[in-house]
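S.K.: Quick one: the structure is below, and I'll ask about it shortly.
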Amino acid sequence: MAFSCTGIITALITPFCDGVIDDAALRRLIERQIAAGVHGLCVGGTTGEAAALDDTQMDRIYRIALETAAGRVPVIAGCGSNDTAHAVRLAHLAQVAGADAALVVTPYYNRPTQEGVFRHYAAIHDSCALPLILYNVPGRTALNMDMDTQTRLVALPRVVGIKDAGGDIARIARTRLSCGPCFLQYTGEDAFMLPALIQGAHGVISVVSNIAPELCVRLFDAVQANENATARRLSEDLLPLIDALFCETSPGPAKYAGARIKICRNELRLPLVPVAWESERRIDGALAALGLVEPARACA
């Protein structure tokens with residue numbers, strides 16, 4: 001199964017209503033994303049609070065995303081777990097649902113060796129037919145996938161790309177040199193959107209595009225058109241919102257921002273909680289600066 005997606009891929013929040021998944025809000029969010037021109041969707045990842053969802057709920061959001069997108073954009077299913085057998089089950093659910101690819105985070109908490117990381121991914125790869133996108137996010141997993149392990153994994157035929165949120169912008173060039181230009185590279189750090197794209201990343205798996213998808217798409221388009229001044233301006237416009245969306249643990253700020261622009265409720269699953277009042281004010285200010293809410297509310 002071939003997979004290729006370049007551009008802005010939104011790491012979707014999972015809307016809740018009184019403790020259960022809000023199907024209608026998720027569908028509206030997806031329609032808004034597609035109307036804004038995003039190039040792909042990622043469901044059931046970190047931003048979607050996957051760690052707080054059981055397998056039935058994961059299957060449900062996979063299917064809602066796929067049914068709503070209806071082939072208009074690719075849908076990547078988050079299939080991460082620190083239990084390899086569980087990740088295999090999620091990948092199977094995603095494949096049966098019809099996902100275009102699986103995003104698989106490195107095992108967290110267990111802190112396996114690099115050999116364990118390799119075998120984790122190899123087991124998932126061998127258990128399903130989906131294209132796999134590796135996900136390196138040491139700030140959440142306490143584990144950094146090293147370049148040798150990444151290169152070994154790229155030799156597996158259905159490992160097609162990586163989402164990297166390790167904070168090393170030079171890794172993009174190193175990966176291109178070791179894995180070739182066709183190996184898909186996505187930054188998972190919104191603040192690196194512009195430099196990553198300029199370095200040659202194929203796209204961004206983005207949190208901020210939940211809230212400001214049009215601006216993200218315009219930035220990507222400007223980079224592709226070599227309109228550097230426009231790209232810099234858009235990056236600078238987005239940066240205060242990006243910073244605000246990570247002023248507390250994500251996706252807490254994104255849920256608050258989503259509630260402010262009326263795309264979801266400000267509701268998370270424990271142990272995540274809504275952001276503090278001071279963070280609300282900061283997010284309000286960033287939203288107001290982009291014209292997404294009334295400025296008066298930001299000063300209340």
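Residues in the structure tokens are numbered from 1 in each chain, the chains being A, B, ... in the order shown, and ligands are numbered from 1 in the order shown.
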Please identify the strand (DSSP E or B) residues within stretch 6-245 of chain A (assignment by DSSP from backbone atoms) and present them as a PyMOL selection string.

M.R.: chain A and resi 7-11+16-17+20-21+40-43+75-78+101-105+132-136+159-164+184-187+203-206

S.K.: Can you pull out every residue within 8 Å of A:Val217, counting only C-alpha atoms, but drop anything in the same chain fewer than 2 positions away, and send it as a PyMOL selection string?

M.R.: chain A and resi 7-8+36-38+213-215+219-221

S.K.: DSSP says alpha helix (DSSP H) for which residues of stretch 30-248 of chain A? Put them as a count of residues only?

M.R.: 108

S.K.: So how many Å separate atom CA of A:Asn226 and atom CA of A:Gly40, to one decimal?

M.R.: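 Between atom CA of A:Asn226 and atom CA of A:Gly40 the gap is 22.0 Å.
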
S.K.: Would you mind listing what lies within 8 Å of A:Cys5 as a list in words, with only C-alpha atoms counted and same-chain residues fewer than 4 positions away left out?

M.R.: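 Within the cut-off, the hits are His39, Gly40, Pro74, His202 and Gly203 of chain A.
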
S.K.: Let's have the selection written as a JSON list (two decimals), in the first residue's frame, with C-alpha atoms.

M.R.:
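See again-v5.json below for the written result:
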```
[["chain", "number", "residue", "atom", "x", "y", "z"],
["A", 39, "HIS", "CA", -3.54, 18.14, 3.26],
["A", 40, "GLY", "CA", -4.15, 15.34, 5.76],
["A", 74, "PRO", "CA", -5.45, 10.97, 3.76],
["A", 202, "HIS", "CA", 7.62, 17.15, 3.64],
["A", 203, "GLY", "CA", 5.12, 18.58, 6.08]]
```

S.K.: With distances taken over only C-alpha atoms, which of A:Asp100, A:Glu49, A:Glu227, A:Asp54 is nearest to A:Leu66?

M.R.: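 Result for the nearest residue to A:Leu66: A:Asp100.
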
S.K.: Quick one: distance from atom CA of A:Ser206 to atom CA of A:Thr249 in Å, one decimal?

M.R.: 15.0 Å

S.K.: What's around stretch 19-29 of chain A at 9 Å? Count only C-alpha atoms, leave out sequence neighbours fewer than 3 positions away in its own chain, and write the answer as number ranges by chain.

M.R.: A: 12-16, 32-34, 57, 60-61, 64-65, 68-69, 210, 263-265, 267-269

S.K.: For N, CA and C atoms, I'd like the residues from the last selection saved as a PDB file, in the first residue's frame.

M.R.:
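So the final result, stored in part-v6.pdb, reads:
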```
ATOM      1  N   LEU A  12      -5.557  15.901  15.116  1.00  0.00           N
ATOM      2  CA  LEU A  12      -6.878  16.291  15.593  1.00  0.00           C
ATOM      3  C   LEU A  12      -7.043  16.127  17.103  1.00  0.00           C
ATOM      4  N   ILE A  13      -7.652  17.131  17.728  1.00  0.00           N
ATOM      5  CA  ILE A  13      -8.139  16.944  19.084  1.00  0.00           C
ATOM      6  C   ILE A  13      -9.321  15.973  19.046  1.00  0.00           C
ATOM      7  N   THR A  14      -9.625  15.360  20.174  1.00  0.00           N
ATOM      8  CA  THR A  14     -10.815  14.514  20.302  1.00  0.00           C
ATOM      9  C   THR A  14     -11.829  15.263  21.160  1.00  0.00           C
ATOM     10  N   PRO A  15     -12.894  15.788  20.567  1.00  0.00           N
ATOM     11  CA  PRO A  15     -13.892  16.510  21.365  1.00  0.00           C
ATOM     12  C   PRO A  15     -14.659  15.560  22.286  1.00  0.00           C
ATOM     13  N   PHE A  16     -14.923  16.028  23.501  1.00  0.00           N
ATOM     14  CA  PHE A  16     -15.738  15.277  24.459  1.00  0.00           C
ATOM     15  C   PHE A  16     -16.958  16.103  24.858  1.00  0.00           C
ATOM     16  N   ARG A  32     -14.272  21.371   8.854  1.00  0.00           N
ATOM     17  CA  ARG A  32     -13.614  22.683   8.886  1.00  0.00           C
ATOM     18  C   ARG A  32     -12.176  22.575   8.402  1.00  0.00           C
ATOM     19  N   GLN A  33     -11.487  21.522   8.801  1.00  0.00           N
ATOM     20  CA  GLN A  33     -10.105  21.330   8.374  1.00  0.00           C
ATOM     21  C   GLN A  33     -10.012  21.157   6.860  1.00  0.00           C
ATOM     22  N   ILE A  34     -10.868  20.328   6.322  1.00  0.00           N
ATOM     23  CA  ILE A  34     -10.829  20.067   4.880  1.00  0.00           C
ATOM     24  C   ILE A  34     -11.193  21.327   4.100  1.00  0.00           C
ATOM     25  N   GLN A  57     -13.034   3.040  21.740  1.00  0.00           N
ATOM     26  CA  GLN A  57     -13.093   4.469  21.438  1.00  0.00           C
ATOM     27  C   GLN A  57     -12.096   4.850  20.348  1.00  0.00           C
ATOM     28  N   ARG A  60     -13.582   3.891  17.158  1.00  0.00           N
ATOM     29  CA  ARG A  60     -14.672   4.811  16.827  1.00  0.00           C
ATOM     30  C   ARG A  60     -14.145   6.088  16.177  1.00  0.00           C
ATOM     31  N   ILE A  61     -13.090   6.681  16.747  1.00  0.00           N
ATOM     32  CA  ILE A  61     -12.598   7.920  16.148  1.00  0.00           C
ATOM     33  C   ILE A  61     -11.898   7.658  14.819  1.00  0.00           C
ATOM     34  N   ILE A  64     -14.907   7.482  12.443  1.00  0.00           N
ATOM     35  CA  ILE A  64     -15.523   8.795  12.221  1.00  0.00           C
ATOM     36  C   ILE A  64     -14.658   9.627  11.277  1.00  0.00           C
ATOM     37  N   ALA A  65     -13.357   9.635  11.523  1.00  0.00           N
ATOM     38  CA  ALA A  65     -12.459  10.426  10.675  1.00  0.00           C
ATOM     39  C   ALA A  65     -12.479   9.933   9.235  1.00  0.00           C
ATOM     40  N   THR A  68     -15.905  10.659   7.559  1.00  0.00           N
ATOM     41  CA  THR A  68     -16.113  12.081   7.303  1.00  0.00           C
ATOM     42  C   THR A  68     -15.184  12.583   6.205  1.00  0.00           C
ATOM     43  N   ALA A  69     -13.926  12.185   6.259  1.00  0.00           N
ATOM     44  CA  ALA A  69     -12.982  12.606   5.213  1.00  0.00           C
ATOM     45  C   ALA A  69     -13.373  12.030   3.858  1.00  0.00           C
ATOM     46  N   ASN A 210      -5.383  22.860  14.233  1.00  0.00           N
ATOM     47  CA  ASN A 210      -6.739  22.685  14.760  1.00  0.00           C
ATOM     48  C   ASN A 210      -7.454  24.028  14.861  1.00  0.00           C
ATOM     49  N   ILE A 263     -15.425  25.206  18.383  1.00  0.00           N
ATOM     50  CA  ILE A 263     -15.304  23.944  17.649  1.00  0.00           C
ATOM     51  C   ILE A 263     -15.369  22.733  18.577  1.00  0.00           C
ATOM     52  N   CYS A 264     -15.286  22.958  19.880  1.00  0.00           N
ATOM     53  CA  CYS A 264     -15.368  21.851  20.835  1.00  0.00           C
ATOM     54  C   CYS A 264     -15.641  22.433  22.215  1.00  0.00           C
ATOM     55  N   ARG A 265     -15.910  21.562  23.175  1.00  0.00           N
ATOM     56  CA  ARG A 265     -15.982  21.989  24.572  1.00  0.00           C
ATOM     57  C   ARG A 265     -14.578  21.996  25.174  1.00  0.00           C
ATOM     58  N   GLU A 267     -13.105  20.428  27.430  1.00  0.00           N
ATOM     59  CA  GLU A 267     -13.249  19.223  28.243  1.00  0.00           C
ATOM     60  C   GLU A 267     -12.151  18.232  27.881  1.00  0.00           C
ATOM     61  N   LEU A 268     -11.436  17.780  28.896  1.00  0.00           N
ATOM     62  CA  LEU A 268     -10.370  16.802  28.730  1.00  0.00           C
ATOM     63  C   LEU A 268     -10.644  15.614  29.632  1.00  0.00           C
ATOM     64  N   ARG A 269      -9.868  14.569  29.436  1.00  0.00           N
ATOM     65  CA  ARG A 269      -9.956  13.407  30.321  1.00  0.00           C
ATOM     66  C   ARG A 269      -8.789  13.416  31.297  1.00  0.00           C
TER      67      ARG A 269
END
```
